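Below: the structure, in structure tokens.
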Amino acid sequence: MEKIETPVSIFSSTLIFQDPSPKPCPFDITKLAPTVSLEDRMTIPQNVLDNIKSVSTEINGRTLTLEIGRIAGLAMGAVTVQYGDSIVLTTVVGEKQQKEDLGFFPLTVDYEERMFAAGKIPGGFPKREGRPTENATLAARLTDRPIRPLFPKGYRAEVQVMTTVLSADQENDPDILSVIGASAALTLSPIPFDGPVGAVRIGLVDGELVVNPTFANLSDGTLDMVVAGTEDAIMMVEGQAKQVSEEHMLKGIELAHENIRKIVDIQRELAAMVNVEKWEFTPPATDAALKGDLEAYVGDKLRTAVRNANKVIRLEETDELQTAAIAHLTATGEGEEPKYKAVDVKEAYESLLKAEVRSGILDEGIRPDGRSNTEIRPIWIQLGYLPRAHGSAIFTRGQTQVVTVLTLGSTAEEQRLDSISPETSKRYIHHYNFPPYSVGEVRRLRGTSRRDIGHGSLAEGALVNVIPDAEEFPYTLRLVSEIVSSNGSTSMASVCGSSLALMDAGVKIEAPVAGIAMGLITDTETGKFAVLSDIQGMEDALGDMDFKVAGTANGVTAIQMDIKVKGITIEVMRQALGQAHEGRAHILGKMLEAISAPREEMSKFAPQVHRIKIDTAKIGAVIGPGGKMIRSIQEETGAKIDIQDDGTVSIAGSNPEGVERAKAKILGLTEEIKIERGEVYTGKIVSIMPYGAFVELVPGRDGLVHISEMSDDPAIRVERVEDVANLGDEITVMVTEVAPSGKVSLSRRAAITGVMPEPKPARPRDDRGPRRPRPEGDRFRDDRGPRRPRD
């Protein structure tokens, strides 16, 4: 290719030249890519290739592969997990130095969605991923819950687990890959971790349990449940269902555990290839002298304080006793060092408090508020609490109280989703708010927390499958649960409150849904355990399990299990599910006493929504040039209009008359309306001409009132249309003639007097005289004489 001296652009002080007469390419570039294999395009040194190691197993006909050594070499543990074409990178970094002053384990789990993983560009102006989506937050919580209990007790060094989604094939959800990746990365790191953990998703499609169903399978199925566990026990369960029986849930968990063992095995196989040495960690020893002195000081006062049914008084008395014990055991004389540190006394007191609660339940069968293991706290309900809301309810169980409010909107107000998931929108939304006053605390508000998002999603999943579909109920539904008082199980109270608010609003749900939280107290030395129904805050904080189950009288609609021990058995889960079924039935009975069925009529403040179907070829007529027509209809009627690509039109508004007018206008634009002679219309003057006025009969169809027909008195001649009517006025007219071309002639006089003018006779062509003959010969101008010369 010859060089030229024509600069095309300058960038970074570099001249780029372009050939004005490009030569044909000497080879076909379209045939280049297929002939170059991945191996041919790799330039990885052999020593790096030697460090790349991978293991695989088959899960439901697809290969699950774990690989290390290719990327992220500076992390303490880095694993890529691939299933189908979905790939995640999970890394782990931790500090070796313990933070002794912390009263908790500083574990952070992050889940980062990259839009390039699904071949998308982020929405909005920045075109950059911002704060995590709700799906990403839920995936981070899903990763956190099964691994957290497997760190050594008393471990206080900071650990960060980060999953980055590199590829999302729109078939296999990457969230379970994050759990597997976190477990594998921790197993391969020097950080102490009592894993590995595996995770699978279980679906129920056509009555058959399916392991790791695709997104398409889930949309057709009745169960979507994630199960995580070690080779010996279950660590976590979370999912939603369409009224599936407890027995099916247990069978799904057993099937999941079989596949989890295969995933654990390949992680052990991968760990054996690298043989990482773990950091040594010795849990802090119990100070027997401190324990003895503390027990002697508190005596029976701790038991009395703990066994108070009122949460506020119980907290006040236990806190006062703790303060007094710290002051007593750290008191010193002049010039003396305290025998014990305040932080050590506080930790010993919390251990003593935990032991007192647990022993009371296991040894004496006495819970802090005096209930039996299966007893439900007192319940009271109020419906229609907020007069202007479309639906509202107060649900109170013990000292836990939630106000749930329903707002209805048009389908145009559904939530649009910008994520790597195939789901692009949702019309049923549940939000959960947990303000600090609900637990009597002072806390700075910092926006929606992960816990708020998680609890809202759980309540949403519990009810989404009993909501009528959009064809039957063309609304967007937003439920908000305000937790106004909290003493345990607020998420399940939100489920109950949401069912009541929906029924109060007249939403025809399939069946009311109730929720209950189950707890567990275990003794590893004796093997004794107790399953608790409707746990309160102290039993949740000091117990070993928080097992939430929501459902109707016919089956489970949502489930979530978190534990603080190293797994539980299927037998314990079976007892918990059975006990939850009985408790749920009791709560449903109380709810049905308050409202036995959805109200027949919706609130007068709720928007009216009509849904019609139009020909897709007519969508453009409704929208109009640049949206002019649809905007004018909305402005005139006050209704909101949403048009789908399939021709479905939703019309919503708080004024029923406006909704009907908007509907009529849309039908007028899309339906073929036959206008006949003698029909009377009331329409708006849309245009005035010197010879008459054009009146809109139906949307998109006008007729002309000639100026001679504008007066109601034959003796009066109208000189100007403006003398009797103005633009925008509504007038009543009669159709006097409809021409074959579609032109419509109207008369105001005829509409008022009722006298139809005689139609104008159509003059046949023969009456117009003979047609003038054309000149013979060539018809061009040459035969007409010379052309006049131009100037």
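By order of appearance in the structure tokens: chains A, B, ..., then residues from 1 within every chain, and ligands from 1 in the order shown.
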Exercise. What lies within 9 Å of Gly583 of chain A using only C-alpha atoms, ignoring chain neighbours under 2 positions off, as a VMD selection string?
Worked result: chain A and resid 374 to 376 515 to 516 533 to 534 578 to 581 585 to 588
For this session: Using DSSP on the backbone coordinates, identify the residues of segment 332-533 of chain A assigned to strand (DSSP E); present them as a PyMOL selection string.
Result: chain A and resi 379-383+391-397+400-409+415-416+425-426+428-433+476-485+514-522+529-533
Selection above as a file: C-alpha atoms, as a PDB file, in the first residue's frame:
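Below you can see result.pdb, which holds the result:
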ATOM      1  CA  ILE A 379     -52.072 -12.021  68.307  1.00  0.00           C
ATOM      2  CA  TRP A 380     -54.268  -9.014  67.542  1.00  0.00           C
ATOM      3  CA  ILE A 381     -55.109  -7.485  64.175  1.00  0.00           C
ATOM      4  CA  GLN A 382     -56.592  -4.244  62.836  1.00  0.00           C
ATOM      5  CA  LEU A 383     -57.619  -3.776  59.205  1.00  0.00           C
ATOM      6  CA  GLY A 391     -55.122  -1.388  51.766  1.00  0.00           C
ATOM      7  CA  SER A 392     -53.538  -1.495  55.235  1.00  0.00           C
ATOM      8  CA  ALA A 393     -53.280  -3.677  58.325  1.00  0.00           C
ATOM      9  CA  ILE A 394     -51.659  -3.821  61.738  1.00  0.00           C
ATOM     10  CA  PHE A 395     -50.405  -7.278  62.714  1.00  0.00           C
ATOM     11  CA  THR A 396     -49.241  -7.721  66.299  1.00  0.00           C
ATOM     12  CA  ARG A 397     -47.753 -10.898  67.778  1.00  0.00           C
ATOM     13  CA  THR A 400     -43.585  -7.657  67.540  1.00  0.00           C
ATOM     14  CA  GLN A 401     -45.756  -5.281  65.543  1.00  0.00           C
ATOM     15  CA  VAL A 402     -45.831  -4.361  61.871  1.00  0.00           C
ATOM     16  CA  VAL A 403     -47.927  -1.922  59.842  1.00  0.00           C
ATOM     17  CA  THR A 404     -48.165  -3.045  56.222  1.00  0.00           C
ATOM     18  CA  VAL A 405     -49.548  -0.729  53.535  1.00  0.00           C
ATOM     19  CA  LEU A 406     -50.528  -1.594  49.956  1.00  0.00           C
ATOM     20  CA  THR A 407     -50.417   0.880  47.072  1.00  0.00           C
ATOM     21  CA  LEU A 408     -51.864  -0.017  43.680  1.00  0.00           C
ATOM     22  CA  GLY A 409     -50.700   1.473  40.405  1.00  0.00           C
ATOM     23  CA  GLN A 415     -40.235  -1.832  38.527  1.00  0.00           C
ATOM     24  CA  ARG A 416     -37.691  -1.951  35.705  1.00  0.00           C
ATOM     25  CA  SER A 425     -39.295  -6.081  35.413  1.00  0.00           C
ATOM     26  CA  LYS A 426     -41.615  -7.019  38.257  1.00  0.00           C
ATOM     27  CA  TYR A 428     -45.201  -7.143  42.755  1.00  0.00           C
ATOM     28  CA  ILE A 429     -42.811  -5.337  45.116  1.00  0.00           C
ATOM     29  CA  HIS A 430     -42.354  -5.667  48.869  1.00  0.00           C
ATOM     30  CA  HIS A 431     -40.235  -3.251  50.923  1.00  0.00           C
ATOM     31  CA  TYR A 432     -39.290  -3.759  54.569  1.00  0.00           C
ATOM     32  CA  ASN A 433     -38.205  -0.933  56.904  1.00  0.00           C
ATOM     33  CA  THR A 476     -48.625  -2.985  39.918  1.00  0.00           C
ATOM     34  CA  LEU A 477     -48.599  -3.745  43.655  1.00  0.00           C
ATOM     35  CA  ARG A 478     -46.199  -2.206  46.185  1.00  0.00           C
ATOM     36  CA  LEU A 479     -46.342  -3.355  49.790  1.00  0.00           C
ATOM     37  CA  VAL A 480     -44.365  -1.606  52.514  1.00  0.00           C
ATOM     38  CA  SER A 481     -43.943  -3.176  55.956  1.00  0.00           C
ATOM     39  CA  GLU A 482     -43.028  -0.681  58.658  1.00  0.00           C
ATOM     40  CA  ILE A 483     -41.658  -2.469  61.711  1.00  0.00           C
ATOM     41  CA  VAL A 484     -42.899  -0.331  64.586  1.00  0.00           C
ATOM     42  CA  SER A 485     -41.995  -2.764  67.394  1.00  0.00           C
ATOM     43  CA  ALA A 514     -48.941 -16.683  57.279  1.00  0.00           C
ATOM     44  CA  GLY A 515     -45.367 -16.956  58.474  1.00  0.00           C
ATOM     45  CA  ILE A 516     -43.651 -18.298  61.588  1.00  0.00           C
ATOM     46  CA  ALA A 517     -40.032 -18.408  62.766  1.00  0.00           C
ATOM     47  CA  MET A 518     -38.700 -21.566  64.430  1.00  0.00           C
ATOM     48  CA  GLY A 519     -35.684 -21.732  66.749  1.00  0.00           C
ATOM     49  CA  LEU A 520     -33.330 -24.442  67.960  1.00  0.00           C
ATOM     50  CA  ILE A 521     -31.395 -25.015  71.159  1.00  0.00           C
ATOM     51  CA  THR A 522     -28.868 -27.873  71.128  1.00  0.00           C
ATOM     52  CA  PHE A 529     -32.222 -30.403  71.413  1.00  0.00           C
ATOM     53  CA  ALA A 530     -35.417 -28.375  71.515  1.00  0.00           C
ATOM     54  CA  VAL A 531     -37.285 -26.842  68.581  1.00  0.00           C
ATOM     55  CA  LEU A 532     -39.062 -23.598  69.502  1.00  0.00           C
ATOM     56  CA  SER A 533     -42.108 -22.136  67.755  1.00  0.00           C
TER      57      SER A 533
END
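Residue nearest Val507 of chain A within the list A:Gly221, A:Gly555, A:Pro598, A:Gly527: A:Pro598 [criterion: smallest interatomic distance, only C-alpha atoms].
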Exercise. Closest to Val276 of chain A among A:Val79, A:Met545, A:Leu186, A:Val466, using only C-alpha atoms?
Worked result: A:Leu186
For this session: Find the spatial neighbours of Met115 of chain A, counting only C-alpha atoms, within a cut-off of 7 Å - ignore same-chain residues fewer than 6 positions away - and output them as a ChimeraX atom specification.
Result: /A:121-122,419-420
Exercise. Got a sec: who's within 10 Å of segment 141-150 of chain A, counting only C-alpha atoms, leaving out chain neighbours fewer than 5 positions off, as JSON, numbers by chain?
Worked result: {"A": [105, 107, 108, 109, 110, 111, 135, 136, 161, 162, 163, 175, 176, 177, 178, 179, 180, 181, 182, 183, 186, 192, 193, 194, 195, 196, 197, 198, 199, 226, 227, 228, 229, 230, 234, 235, 236, 237, 238, 450, 451, 453, 454, 561, 562, 563, 564, 565, 566, 567]}
For this session: Would you kindly return, as a list in words, each protein, DNA or RNA residue with an atom no farther than 12 Å from any atom of Thr222 of chain A, considering only C-alpha atoms and excluding same-chain residues fewer than 4 positions away?
Result: Ile202, Gly203, Leu204, Val205, Asp206, Gly207, Glu208, Leu209, Val210, Pro213, Asn217, Leu218, Gly239, Gln240, Ala241, Lys242, Gln243, Val244, Ser245, His248, Met249, Val464, Asn465, Val466, Gly555, Val556, Thr557 and Ala558 of chain A
For this session: Determine, counting only C-alpha atoms, which protein, DNA and RNA residues have an atom within 9 Å of an atom of Ile643 of chain A; residues of the same chain fewer than 3 positions away are not included. Present the result as an MDAnalysis selection string.
Result: chainID A and resid 412 619 623 646:651
Just all heavy atoms for this one: save the residues we selected as a tab-separated table (two decimals), in the first residue's frame.
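Written output follows (out_19.tsv):
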chain	number	residue	atom	x	y	z
A	412	ALA	N	-47.80	0.40	34.03
A	412	ALA	CA	-46.69	1.25	33.58
A	412	ALA	C	-45.75	1.59	34.73
A	412	ALA	O	-44.62	2.01	34.50
A	412	ALA	CB	-47.24	2.55	32.97
A	619	ILE	N	-51.06	0.59	16.86
A	619	ILE	CA	-50.32	1.18	17.99
A	619	ILE	C	-49.81	2.57	17.62
A	619	ILE	O	-49.88	3.51	18.41
A	619	ILE	CB	-49.16	0.26	18.41
A	619	ILE	CG1	-49.72	-1.03	19.02
A	619	ILE	CG2	-48.24	0.97	19.41
A	619	ILE	CD1	-48.64	-2.05	19.38
A	623	ILE	N	-50.28	6.22	19.59
A	623	ILE	CA	-49.13	7.01	20.08
A	623	ILE	C	-49.04	8.34	19.37
A	623	ILE	O	-48.83	9.39	19.99
A	623	ILE	CB	-47.83	6.20	19.89
A	623	ILE	CG1	-47.86	4.95	20.78
A	623	ILE	CG2	-46.61	7.06	20.22
A	623	ILE	CD1	-46.70	4.02	20.57
A	646	ASP	N	-47.40	-6.16	22.22
A	646	ASP	CA	-48.39	-7.10	21.71
A	646	ASP	C	-49.77	-6.47	21.53
A	646	ASP	O	-50.74	-7.16	21.22
A	646	ASP	CB	-48.50	-8.33	22.62
A	646	ASP	CG	-49.02	-7.97	24.02
A	646	ASP	OD1	-49.14	-6.77	24.31
A	646	ASP	OD2	-49.26	-8.90	24.81
A	647	GLY	N	-49.89	-5.17	21.75
A	647	GLY	CA	-51.15	-4.48	21.58
A	647	GLY	C	-51.99	-4.36	22.84
A	647	GLY	O	-53.11	-3.85	22.79
A	648	THR	N	-51.45	-4.82	23.97
A	648	THR	CA	-52.17	-4.69	25.24
A	648	THR	C	-52.05	-3.25	25.73
A	648	THR	O	-50.95	-2.72	25.86
A	648	THR	CB	-51.60	-5.65	26.29
A	648	THR	OG1	-51.72	-6.99	25.81
A	648	THR	CG2	-52.35	-5.52	27.60
A	649	VAL	N	-53.17	-2.64	26.05
A	649	VAL	CA	-53.20	-1.25	26.51
A	649	VAL	C	-53.80	-1.22	27.91
A	649	VAL	O	-54.91	-1.72	28.13
A	649	VAL	CB	-54.03	-0.35	25.57
A	649	VAL	CG1	-54.00	1.10	26.06
A	649	VAL	CG2	-53.52	-0.45	24.14
A	650	SER	N	-53.05	-0.66	28.87
A	650	SER	CA	-53.55	-0.48	30.24
A	650	SER	C	-53.87	0.99	30.44
A	650	SER	O	-53.02	1.85	30.18
A	650	SER	CB	-52.51	-0.95	31.25
A	650	SER	OG	-52.32	-2.34	31.17
A	651	ILE	N	-55.06	1.25	30.93
A	651	ILE	CA	-55.52	2.62	31.17
A	651	ILE	C	-55.85	2.73	32.65
A	651	ILE	O	-56.69	2.00	33.15
A	651	ILE	CB	-56.75	2.95	30.33
A	651	ILE	CG1	-56.52	2.57	28.86
A	651	ILE	CG2	-57.13	4.41	30.45
A	651	ILE	CD1	-57.78	2.41	28.05
Exercise. Just asking: which residues within segment 301-371 of chain A are alpha helix (DSSP H) according to DSSP, as an MDAnalysis selection string?
Worked result: chainID A and resid 301:306 311:329 342:364
Those selected residues, please, written with C-alpha atoms and delivered as a PDB file, in the first residue's frame.
ATOM      1  CA  LYS A 301     -30.715 -12.360  90.116  1.00  0.00           C
ATOM      2  CA  LEU A 302     -29.795 -13.273  86.520  1.00  0.00           C
ATOM      3  CA  ARG A 303     -32.473 -15.988  86.330  1.00  0.00           C
ATOM      4  CA  THR A 304     -35.113 -13.605  87.669  1.00  0.00           C
ATOM      5  CA  ALA A 305     -34.151 -10.918  85.156  1.00  0.00           C
ATOM      6  CA  VAL A 306     -34.069 -13.343  82.209  1.00  0.00           C
ATOM      7  CA  LYS A 311     -38.749  -7.414  76.649  1.00  0.00           C
ATOM      8  CA  VAL A 312     -38.199  -3.826  77.778  1.00  0.00           C
ATOM      9  CA  ILE A 313     -38.072  -4.692  81.482  1.00  0.00           C
ATOM     10  CA  ARG A 314     -35.963  -7.797  80.775  1.00  0.00           C
ATOM     11  CA  LEU A 315     -33.384  -5.787  78.841  1.00  0.00           C
ATOM     12  CA  GLU A 316     -33.277  -3.069  81.516  1.00  0.00           C
ATOM     13  CA  GLU A 317     -32.745  -5.572  84.334  1.00  0.00           C
ATOM     14  CA  THR A 318     -30.115  -7.667  82.522  1.00  0.00           C
ATOM     15  CA  ASP A 319     -28.219  -4.535  81.434  1.00  0.00           C
ATOM     16  CA  GLU A 320     -28.310  -3.102  84.960  1.00  0.00           C
ATOM     17  CA  LEU A 321     -27.047  -6.412  86.367  1.00  0.00           C
ATOM     18  CA  GLN A 322     -24.222  -6.473  83.822  1.00  0.00           C
ATOM     19  CA  THR A 323     -23.185  -2.909  84.692  1.00  0.00           C
ATOM     20  CA  ALA A 324     -23.204  -3.714  88.402  1.00  0.00           C
ATOM     21  CA  ALA A 325     -21.164  -6.916  87.855  1.00  0.00           C
ATOM     22  CA  ILE A 326     -18.531  -5.066  85.814  1.00  0.00           C
ATOM     23  CA  ALA A 327     -18.270  -2.338  88.456  1.00  0.00           C
ATOM     24  CA  HIS A 328     -17.985  -4.924  91.266  1.00  0.00           C
ATOM     25  CA  LEU A 329     -15.372  -7.163  89.615  1.00  0.00           C
ATOM     26  CA  ALA A 342     -14.099  -4.795  81.975  1.00  0.00           C
ATOM     27  CA  VAL A 343     -14.131  -6.326  78.482  1.00  0.00           C
ATOM     28  CA  ASP A 344     -13.449  -9.776  79.958  1.00  0.00           C
ATOM     29  CA  VAL A 345     -16.210  -9.390  82.543  1.00  0.00           C
ATOM     30  CA  LYS A 346     -18.660  -8.318  79.864  1.00  0.00           C
ATOM     31  CA  GLU A 347     -17.821 -11.334  77.691  1.00  0.00           C
ATOM     32  CA  ALA A 348     -18.122 -13.698  80.657  1.00  0.00           C
ATOM     33  CA  TYR A 349     -21.487 -12.165  81.585  1.00  0.00           C
ATOM     34  CA  GLU A 350     -22.836 -12.660  78.043  1.00  0.00           C
ATOM     35  CA  SER A 351     -21.720 -16.315  78.132  1.00  0.00           C
ATOM     36  CA  LEU A 352     -23.449 -16.773  81.492  1.00  0.00           C
ATOM     37  CA  LEU A 353     -26.634 -15.135  80.152  1.00  0.00           C
ATOM     38  CA  LYS A 354     -26.617 -17.431  77.115  1.00  0.00           C
ATOM     39  CA  ALA A 355     -26.102 -20.517  79.280  1.00  0.00           C
ATOM     40  CA  GLU A 356     -28.959 -19.487  81.586  1.00  0.00           C
ATOM     41  CA  VAL A 357     -31.442 -19.122  78.715  1.00  0.00           C
ATOM     42  CA  ARG A 358     -30.384 -22.370  77.015  1.00  0.00           C
ATOM     43  CA  SER A 359     -30.350 -24.475  80.162  1.00  0.00           C
ATOM     44  CA  GLY A 360     -33.782 -23.198  81.142  1.00  0.00           C
ATOM     45  CA  ILE A 361     -35.171 -24.374  77.812  1.00  0.00           C
ATOM     46  CA  LEU A 362     -33.338 -27.724  77.614  1.00  0.00           C
ATOM     47  CA  ASP A 363     -33.422 -28.785  81.250  1.00  0.00           C
ATOM     48  CA  GLU A 364     -36.651 -27.247  82.531  1.00  0.00           C
TER      49      GLU A 364
END
